[in-house]
file start21.pdb (PDB, C-alpha atoms, pLDDT in the B column)
ATOM      1  CA  MET A  23     -28.637  16.030  46.343  1.00 51.00           C
ATOM      2  CA  LYS A  24     -28.963  12.417  45.234  1.00 46.00           C
ATOM      3  CA  TYR A  25     -29.120  13.618  41.595  1.00 44.00           C
ATOM      4  CA  VAL A  26     -25.916  15.664  42.007  1.00 41.00           C
ATOM      5  CA  THR A  27     -24.157  12.668  43.553  1.00 45.00           C
ATOM      6  CA  LEU A  28     -25.116  10.472  40.584  1.00 39.00           C
ATOM      7  CA  LEU A  29     -23.805  13.084  38.162  1.00 39.00           C
ATOM      8  CA  LEU A  30     -20.485  13.269  40.009  1.00 40.00           C
ATOM      9  CA  CYS A  31     -20.185   9.470  40.011  1.00 46.00           C
ATOM     10  CA  GLY A  32     -20.890   9.370  36.295  1.00 48.00           C
ATOM     11  CA  PHE A  33     -18.289  12.051  35.585  1.00 44.00           C
ATOM     12  CA  PHE A  34     -15.724  10.193  37.702  1.00 45.00           C
ATOM     13  CA  LEU A  35     -16.341   6.889  35.909  1.00 44.00           C
ATOM     14  CA  SER A  36     -16.121   8.582  32.492  1.00 48.00           C
ATOM     15  CA  SER A  37     -12.825  10.192  33.462  1.00 48.00           C
ATOM     16  CA  CYS A  38     -11.432   6.816  34.536  1.00 48.00           C
ATOM     17  CA  ALA A  39     -12.475   5.286  31.232  1.00 43.00           C
ATOM     18  CA  LEU A  40     -10.636   8.031  29.332  1.00 43.00           C
ATOM     19  CA  LEU A  41      -7.531   7.546  31.436  1.00 46.00           C
ATOM     20  CA  GLU A  42      -7.541   3.796  30.765  1.00 56.00           C
ATOM     21  CA  GLN A  43      -7.379   4.027  26.967  1.00 65.00           C
ATOM     22  CA  PRO A  44      -5.243   1.263  25.408  1.00 68.00           C
ATOM     23  CA  GLU A  45      -1.667   1.946  24.376  1.00 78.00           C
ATOM     24  CA  PRO A  46      -1.299   2.898  20.689  1.00 83.00           C
ATOM     25  CA  LEU A  47      -0.021   0.114  18.444  1.00 84.00           C
ATOM     26  CA  PRO A  48       3.578   0.262  17.183  1.00 93.00           C
ATOM     27  CA  LEU A  49       3.796   1.701  13.652  1.00 96.00           C
ATOM     28  CA  TYR A  50       5.551  -0.128  10.825  1.00 97.00           C
ATOM     29  CA  THR A  51       6.605   1.371   7.506  1.00 96.00           C
ATOM     30  CA  LEU A  52       6.592   0.138   3.926  1.00 97.00           C
ATOM     31  CA  HIS A  53       9.474   0.896   1.578  1.00 97.00           C
ATOM     32  CA  SER A  54      10.068   0.302  -2.117  1.00 97.00           C
ATOM     33  CA  GLY A  55      13.685  -0.767  -1.675  1.00 96.00           C
ATOM     34  CA  TYR A  56      16.532   0.314  -3.940  1.00 97.00           C
ATOM     35  CA  PHE A  57      16.189   0.755  -7.715  1.00 97.00           C
ATOM     36  CA  GLU A  58      18.981   1.735 -10.076  1.00 95.00           C
ATOM     37  CA  THR A  59      18.289   5.041 -11.806  1.00 93.00           C
ATOM     38  CA  VAL A  60      18.079   5.065 -15.609  1.00 90.00           C
ATOM     39  CA  ASN A  61      17.313   8.296 -17.460  1.00 84.00           C
ATOM     40  CA  ILE A  62      15.285   6.822 -20.294  1.00 84.00           C
ATOM     41  CA  LEU A  63      11.889   8.556 -20.148  1.00 84.00           C
ATOM     42  CA  LYS A  64      11.147  11.565 -22.337  1.00 84.00           C
ATOM     43  CA  ASP A  65       7.437  11.834 -21.392  1.00 86.00           C
ATOM     44  CA  SER A  66       6.202  12.421 -17.842  1.00 89.00           C
ATOM     45  CA  LEU A  67       4.191   9.967 -15.757  1.00 92.00           C
ATOM     46  CA  ALA A  68       1.671  10.901 -13.049  1.00 94.00           C
ATOM     47  CA  LEU A  69       0.642   8.436 -10.353  1.00 96.00           C
ATOM     48  CA  ASP A  70      -2.987   8.399  -9.274  1.00 96.00           C
ATOM     49  CA  ALA A  71      -3.798   7.428  -5.667  1.00 96.00           C
ATOM     50  CA  PRO A  72      -4.376   3.648  -5.494  1.00 97.00           C
ATOM     51  CA  LEU A  73      -7.874   2.253  -5.053  1.00 97.00           C
ATOM     52  CA  CYS A  74      -8.473  -0.315  -2.338  1.00 96.00           C
ATOM     53  CA  GLU A  75     -11.510  -2.048  -0.854  1.00 95.00           C
ATOM     54  CA  ALA A  76     -12.554  -0.982   2.637  1.00 96.00           C
ATOM     55  CA  SER A  77     -11.395  -3.979   4.693  1.00 96.00           C
ATOM     56  CA  LEU A  78      -7.842  -3.536   3.384  1.00 97.00           C
ATOM     57  CA  ASN A  79      -7.768   0.249   3.312  1.00 98.00           C
ATOM     58  CA  THR A  80      -7.204   0.894   7.015  1.00 97.00           C
ATOM     59  CA  HIS A  81      -4.279   1.544   9.353  1.00 97.00           C
ATOM     60  CA  ARG A  82      -4.552  -2.100  10.470  1.00 97.00           C
ATOM     61  CA  ILE A  83      -2.318  -4.791   8.947  1.00 97.00           C
ATOM     62  CA  ALA A  84      -4.690  -7.302   7.378  1.00 98.00           C
ATOM     63  CA  LEU A  85      -4.888 -11.047   7.936  1.00 96.00           C
ATOM     64  CA  THR A  86      -6.787 -13.504   5.727  1.00 96.00           C
ATOM     65  CA  PRO A  87      -7.384 -16.642   7.844  1.00 94.00           C
ATOM     66  CA  SER A  88      -9.773 -18.104   5.234  1.00 91.00           C
ATOM     67  CA  PRO A  89     -10.874 -17.104   1.701  1.00 85.00           C
ATOM     68  CA  TYR A  90     -13.952 -15.230   2.954  1.00 88.00           C
ATOM     69  CA  GLN A  91     -12.695 -13.828   6.259  1.00 93.00           C
ATOM     70  CA  ARG A  92     -10.736 -10.716   7.207  1.00 95.00           C
ATOM     71  CA  ASP A  93      -8.895 -10.107  10.482  1.00 96.00           C
ATOM     72  CA  TYR A  94      -6.046  -7.863  11.596  1.00 97.00           C
ATOM     73  CA  VAL A  95      -2.643  -8.172  13.244  1.00 95.00           C
ATOM     74  CA  ALA A  96      -2.925  -7.331  16.945  1.00 92.00           C
ATOM     75  CA  ASP A  97       0.615  -6.067  17.571  1.00 94.00           C
ATOM     76  CA  GLY A  98       1.160  -3.294  15.038  1.00 95.00           C
ATOM     77  CA  SER A  99      -0.293  -1.064  12.330  1.00 97.00           C
ATOM     78  CA  TRP A 100       0.622   1.076   9.327  1.00 98.00           C
ATOM     79  CA  PRO A 101       1.249   4.801   9.942  1.00 97.00           C
ATOM     80  CA  ASP A 102      -1.552   5.647   7.483  1.00 97.00           C
ATOM     81  CA  ARG A 103      -4.245   3.909   5.442  1.00 98.00           C
ATOM     82  CA  LEU A 104      -2.871   1.131   3.242  1.00 98.00           C
ATOM     83  CA  SER A 105      -3.647   2.991  -0.001  1.00 98.00           C
ATOM     84  CA  ASP A 106      -1.550   5.970   1.155  1.00 97.00           C
ATOM     85  CA  VAL A 107       1.270   3.772   2.478  1.00 98.00           C
ATOM     86  CA  PHE A 108       1.461   1.855  -0.817  1.00 98.00           C
ATOM     87  CA  TYR A 109       1.211   5.112  -2.796  1.00 98.00           C
ATOM     88  CA  GLU A 110       4.337   6.469  -1.098  1.00 97.00           C
ATOM     89  CA  ALA A 111       6.276   3.255  -1.771  1.00 98.00           C
ATOM     90  CA  LEU A 112       5.149   3.252  -5.407  1.00 98.00           C
ATOM     91  CA  LEU A 113       6.103   6.904  -5.883  1.00 97.00           C
ATOM     92  CA  ASP A 114       9.504   6.346  -4.263  1.00 97.00           C
ATOM     93  CA  GLY A 115      10.326   3.269  -6.357  1.00 97.00           C
ATOM     94  CA  LEU A 116       9.336   4.742  -9.715  1.00 96.00           C
ATOM     95  CA  SER A 117      11.010   8.078  -8.906  1.00 96.00           C
ATOM     96  CA  GLN A 118      14.238   6.249  -8.091  1.00 96.00           C
ATOM     97  CA  ARG A 119      14.081   4.391 -11.385  1.00 95.00           C
ATOM     98  CA  TRP A 120      13.118   7.178 -13.803  1.00 93.00           C
ATOM     99  CA  GLY A 121      13.929  10.332 -11.862  1.00 90.00           C
ATOM    100  CA  GLY A 122      11.709  12.665  -9.877  1.00 87.00           C
ATOM    101  CA  ILE A 123      11.404  15.093 -12.805  1.00 89.00           C
ATOM    102  CA  TYR A 124       9.445  12.527 -14.825  1.00 90.00           C
ATOM    103  CA  VAL A 125       7.405  10.898 -12.023  1.00 93.00           C
ATOM    104  CA  ASN A 126       4.888  12.969 -10.061  1.00 92.00           C
ATOM    105  CA  ARG A 127       1.602  12.779  -8.195  1.00 93.00           C
ATOM    106  CA  LEU A 128      -1.479  13.301 -10.337  1.00 90.00           C
ATOM    107  CA  LYS A 129      -2.778  16.026  -7.981  1.00 80.00           C
ATOM    108  CA  THR A 130       0.204  18.301  -8.602  1.00 69.00           C
ATOM    109  CA  GLY A 131      -1.527  19.624 -11.740  1.00 69.00           C
ATOM    110  CA  LEU A 132       1.619  19.367 -13.860  1.00 72.00           C
ATOM    111  CA  GLN A 133       1.359  18.592 -17.567  1.00 82.00           C
ATOM    112  CA  THR A 134       1.673  14.842 -18.127  1.00 87.00           C
ATOM    113  CA  LYS A 135       1.213  12.347 -20.926  1.00 88.00           C
ATOM    114  CA  TYR A 136       0.704   9.142 -18.946  1.00 91.00           C
ATOM    115  CA  VAL A 137      -1.229   8.313 -15.776  1.00 94.00           C
ATOM    116  CA  LEU A 138      -0.638   5.135 -13.784  1.00 96.00           C
ATOM    117  CA  ARG A 139      -3.759   3.888 -11.993  1.00 96.00           C
ATOM    118  CA  THR A 140      -3.515   1.139  -9.383  1.00 98.00           C
ATOM    119  CA  GLU A 141      -6.065  -1.088  -7.658  1.00 98.00           C
ATOM    120  CA  ILE A 142      -4.837  -3.071  -4.654  1.00 98.00           C
ATOM    121  CA  GLN A 143      -6.742  -6.365  -4.596  1.00 98.00           C
ATOM    122  CA  ASP A 144      -4.882  -8.022  -1.731  1.00 98.00           C
ATOM    123  CA  PHE A 145      -2.279  -6.913   0.783  1.00 98.00           C
ATOM    124  CA  SER A 146      -2.610  -9.321   3.679  1.00 98.00           C
ATOM    125  CA  ILE A 147      -1.060 -12.212   5.547  1.00 97.00           C
ATOM    126  CA  HIS A 148      -2.678 -15.504   4.522  1.00 96.00           C
ATOM    127  CA  THR A 149      -2.849 -17.942   7.432  1.00 93.00           C
ATOM    128  CA  CYS A 150      -5.183 -20.556   5.946  1.00 86.00           C
ATOM    129  CA  LYS A 151      -5.171 -24.012   7.595  1.00 80.00           C
ATOM    130  CA  ASN A 152      -2.795 -26.661   6.249  1.00 79.00           C
ATOM    131  CA  ALA A 153      -0.827 -24.061   4.273  1.00 84.00           C
ATOM    132  CA  GLN A 154       2.317 -22.079   5.020  1.00 92.00           C
ATOM    133  CA  ALA A 155       1.616 -18.521   6.111  1.00 95.00           C
ATOM    134  CA  MET A 156       2.591 -15.946   3.504  1.00 97.00           C
ATOM    135  CA  ALA A 157       2.394 -12.266   2.661  1.00 98.00           C
ATOM    136  CA  HIS A 158       0.148 -11.953  -0.387  1.00 98.00           C
ATOM    137  CA  ILE A 159       0.281  -8.819  -2.541  1.00 98.00           C
ATOM    138  CA  LYS A 160      -1.936  -8.489  -5.602  1.00 98.00           C
ATOM    139  CA  ALA A 161      -2.576  -5.337  -7.621  1.00 98.00           C
ATOM    140  CA  VAL A 162      -3.808  -4.288 -11.062  1.00 98.00           C
ATOM    141  CA  PHE A 163      -1.912  -1.537 -12.870  1.00 97.00           C
ATOM    142  CA  LYS A 164      -3.358   0.461 -15.770  1.00 96.00           C
ATOM    143  CA  VAL A 165      -1.512   2.997 -17.888  1.00 94.00           C
ATOM    144  CA  VAL A 166      -3.702   5.733 -19.359  1.00 93.00           C
ATOM    145  CA  ASP A 167      -2.679   7.969 -22.239  1.00 89.00           C
ATOM    146  CA  LEU A 168      -4.141  11.208 -20.919  1.00 86.00           C
ATOM    147  CA  ARG A 169      -4.006  13.011 -24.243  1.00 83.00           C
ATOM    148  CA  GLU A 170      -5.830  10.249 -26.115  1.00 84.00           C
ATOM    149  CA  ARG A 171      -8.008   9.438 -23.076  1.00 85.00           C
ATOM    150  CA  GLU A 172      -7.589   5.683 -23.391  1.00 90.00           C
ATOM    151  CA  VAL A 173      -6.094   2.791 -21.441  1.00 92.00           C
ATOM    152  CA  ILE A 174      -3.064   1.649 -23.406  1.00 91.00           C
ATOM    153  CA  ALA A 175      -1.960  -1.191 -21.113  1.00 93.00           C
ATOM    154  CA  SER A 176      -3.255  -3.144 -18.125  1.00 95.00           C
ATOM    155  CA  HIS A 177      -1.727  -5.975 -16.113  1.00 97.00           C
ATOM    156  CA  MET A 178      -2.240  -7.775 -12.801  1.00 98.00           C
ATOM    157  CA  PHE A 179       0.840  -8.419 -10.655  1.00 98.00           C
ATOM    158  CA  GLU A 180       1.065 -10.772  -7.693  1.00 98.00           C
ATOM    159  CA  GLU A 181       3.712 -11.664  -5.122  1.00 98.00           C
ATOM    160  CA  LYS A 182       3.671 -14.344  -2.422  1.00 97.00           C
ATOM    161  CA  VAL A 183       6.383 -14.294   0.238  1.00 98.00           C
ATOM    162  CA  PRO A 184       6.429 -17.299   2.633  1.00 97.00           C
ATOM    163  CA  LEU A 185       6.753 -16.581   6.359  1.00 96.00           C
ATOM    164  CA  CYS A 186       8.906 -18.683   8.670  1.00 93.00           C
ATOM    165  CA  SER A 187       7.096 -17.181  11.700  1.00 92.00           C
ATOM    166  CA  LEU A 188       4.310 -14.733  12.516  1.00 93.00           C
ATOM    167  CA  THR A 189       6.392 -12.148  14.382  1.00 96.00           C
ATOM    168  CA  MET A 190       5.948  -8.490  13.453  1.00 96.00           C
ATOM    169  CA  GLU A 191       9.516  -8.273  12.157  1.00 96.00           C
ATOM    170  CA  THR A 192       8.952 -11.234   9.824  1.00 97.00           C
ATOM    171  CA  ILE A 193       5.576  -9.925   8.628  1.00 97.00           C
ATOM    172  CA  ILE A 194       6.865  -6.424   7.827  1.00 98.00           C
ATOM    173  CA  SER A 195      10.013  -7.795   6.202  1.00 98.00           C
ATOM    174  CA  ALA A 196       7.862 -10.012   3.958  1.00 98.00           C
ATOM    175  CA  PHE A 197       5.610  -7.094   2.934  1.00 98.00           C
ATOM    176  CA  ASN A 198       8.646  -4.955   2.117  1.00 98.00           C
ATOM    177  CA  GLN A 199      10.281  -7.750   0.110  1.00 98.00           C
ATOM    178  CA  GLY A 200       7.031  -8.468  -1.727  1.00 98.00           C
ATOM    179  CA  THR A 201       6.516  -4.775  -2.523  1.00 98.00           C
ATOM    180  CA  HIS A 202      10.031  -4.465  -3.937  1.00 98.00           C
ATOM    181  CA  ASP A 203       9.653  -7.613  -6.071  1.00 98.00           C
ATOM    182  CA  LEU A 204       6.257  -6.456  -7.331  1.00 98.00           C
ATOM    183  CA  LEU A 205       7.609  -3.025  -8.301  1.00 98.00           C
ATOM    184  CA  GLU A 206      10.515  -4.677 -10.117  1.00 97.00           C
ATOM    185  CA  ASP A 207       7.999  -6.551 -12.259  1.00 97.00           C
ATOM    186  CA  VAL A 208       5.899  -3.411 -12.805  1.00 97.00           C
ATOM    187  CA  ILE A 209       8.951  -1.395 -13.901  1.00 95.00           C
ATOM    188  CA  SER A 210      10.104  -4.140 -16.264  1.00 94.00           C
ATOM    189  CA  TRP A 211       6.607  -4.400 -17.796  1.00 94.00           C
ATOM    190  CA  MET A 212       6.274  -0.652 -18.275  1.00 92.00           C
ATOM    191  CA  GLU A 213       9.709  -0.260 -19.857  1.00 90.00           C
ATOM    192  CA  ARG A 214       9.217  -3.286 -22.121  1.00 88.00           C
ATOM    193  CA  ALA A 215       5.571  -3.059 -23.133  1.00 79.00           C
ATOM    194  CA  VAL A 216       4.233   0.411 -22.340  1.00 76.00           C
ATOM    195  CA  PHE A 217       6.840   3.108 -22.816  1.00 74.00           C
ATOM    196  CA  LYS A 218       8.441   2.017 -26.088  1.00 67.00           C
ATOM    197  CA  SER A 219       7.554   5.323 -27.754  1.00 60.00           C
ATOM    198  CA  SER A 220       8.587   7.317 -24.685  1.00 58.00           C
ATOM    199  CA  LEU A 221      12.070   5.878 -24.208  1.00 53.00           C
ATOM    200  CA  ARG A 222      15.137   7.884 -25.134  1.00 53.00           C
TER
END
call {"tool": "encode", "arguments": {"input": "start21.pdb", "output": "structure tokens"}}
result
Amino acid sequence: MKYVTLLLCGFFLSSCALLEQPEPLPLYTLHSGYFETVNILKDSLALDAPLCEASLNTHRIALTPSPYQRDYVADGSWPDRLSDVFYEALLDGLSQRWGGIYVNRLKTGLQTKYVLRTEIQDFSIHTCKNAQAMAHIKAVFKVVDLREREVIASHMFEEKVPLCSLTMETIISAFNQGTHDLLEDVISWMERAVFKSSLR
């Protein structure tokens, strides 16, 4: 009887613990912003899923309080892992610019000449002491000629957007502004230095 009572108590306590789960964090989205469409590509481009180290590649919005420390924003999160969230923004921005016919995901299996590979090196809020807080975005982009199987161009891009406060609205606005500015630079670089032979 005593054993049955203990089991019932344990079940009751477990049920209470399940009922008291914390509220899910609000979700915040990342967008590429607006890009003017120019129909200049004659060869297709496939985007590979971005690479990202583990402490960044989560649903959590990353903080960097010191050069060797990682933390996370307590009041919100991304709707998916950072690599997937950034992938969607990248695909949207480049599709706006060059048209959805010429820009696709690598996994679609369509014939393509170029592949864009991305490695996200930083996508966090820097809150180091004695310095203004800022959204820091840093990524390496490589363009691969799939037919020749060689990297034809590689460049690191970086954006820093100062924050006037550490509210969620300010943080997300800074990430969206930084992403748009970064993609502007990437598009300019690719049109100027990479796709000379593929422009109409």
call {"tool": "closest_residue", "arguments": {"input": "start21.pdb", "among": "A:Met178, A:Ala96, A:Val173, A:Val60", "to": "Val216 (chain A)", "atoms": "all atoms listed in the file"}}
result
A:Val173
call {"tool": "closest_residue", "arguments": {"input": "start21.pdb", "among": "A:Arg171, A:Arg119, A:Leu73, A:Asn61", "to": "Ile142 (chain A)", "atoms": "only C-alpha atoms"}}
result
A:Leu73
call {"tool": "atom_distance", "arguments": {"input": "start21.pdb", "atom1": "CA of Pro89 (chain A)", "atom2": "CA of Met190 (chain A)"}}
result
22.3 Å
call {"tool": "atom_distance", "arguments": {"input": "start21.pdb", "atom1": "CA of Arg127 (chain A)", "atom2": "CA of Asp70 (chain A)"}}
result
6.4 Å
call {"tool": "resolve_selection", "arguments": {"input": "start21.pdb", "expression": "the PyMOL selection byres ((chain A and resi 139) around 6)", "output": "list in words"}}
result
Asp70, Leu138, Thr140, Phe163 and Lys164 of chain A
call {"tool": "atom_distance", "arguments": {"input": "start21.pdb", "atom1": "CA of Gln154 (chain A)", "atom2": "CA of Leu205 (chain A)"}}
result
23.8 Å
call {"tool": "resolve_selection", "arguments": {"input": "start21.pdb", "expression": "the PyMOL selection byres ((chain A and resi 55) around 10)", "output": "ChimeraX atom specification"}}
result
/A:52-54,56-57,111,114-115,118,198-199,201-203,205-206
call {"tool": "closest_residue", "arguments": {"input": "start21.pdb", "among": "A:Ala153, A:Cys74, A:Met212, A:Val166", "to": "Ser105 (chain A)", "atoms": "only C-alpha atoms"}}
result
A:Cys74
call {"tool": "axis_aligned_box", "arguments": {"input": "start21.pdb", "around": "region 121-133 of chain A", "padding_each_side": "3 Å", "output": "lines of an AutoDock Vina configuration file"}}
result
center_x = 5.6
center_y = 15.0
center_z = -12.8
size_x = 22.7
size_y = 15.3
size_z = 15.6
call {"tool": "closest_residue", "arguments": {"input": "start21.pdb", "among": "A:Lys135, A:Arg82, A:Lys160, A:Lys182", "to": "Lys64 (chain A)", "atoms": "all atoms listed in the file"}}
result
A:Lys135
call {"tool": "residues_around", "arguments": {"input": "start21.pdb", "residues": "Leu69 (chain A)", "least_positions_apart": "3", "cutoff": "9 Å", "atoms": "only C-alpha atoms", "output": "JSON, numbers by chain"}}
result
{"A": [72, 109, 112, 113, 125, 126, 127, 128, 129, 136, 137, 138, 139, 140]}
call {"tool": "resolve_selection", "arguments": {"input": "start21.pdb", "expression": "the PyMOL selection byres ((chain A and resi 66) around 6)", "output": "list of chain:residue names"}}
result
A:Asp65, A:Leu67, A:Tyr124, A:Thr134, A:Lys135
call {"tool": "write_last_selection", "arguments": {"input": "start21.pdb", "atoms": "C-alpha atoms", "output": "mmCIF file, in the frame of the given file"}}
result
data_model
loop_
_atom_site.group_PDB
_atom_site.id
_atom_site.type_symbol
_atom_site.label_atom_id
_atom_site.label_comp_id
_atom_site.auth_asym_id
_atom_site.auth_seq_id
_atom_site.Cartn_x
_atom_site.Cartn_y
_atom_site.Cartn_z
ATOM 1 C CA ASP A 65 7.437 11.834 -21.392
ATOM 2 C CA LEU A 67 4.191 9.967 -15.757
ATOM 3 C CA TYR A 124 9.445 12.527 -14.825
ATOM 4 C CA THR A 134 1.673 14.842 -18.127
ATOM 5 C CA LYS A 135 1.213 12.347 -20.926
#
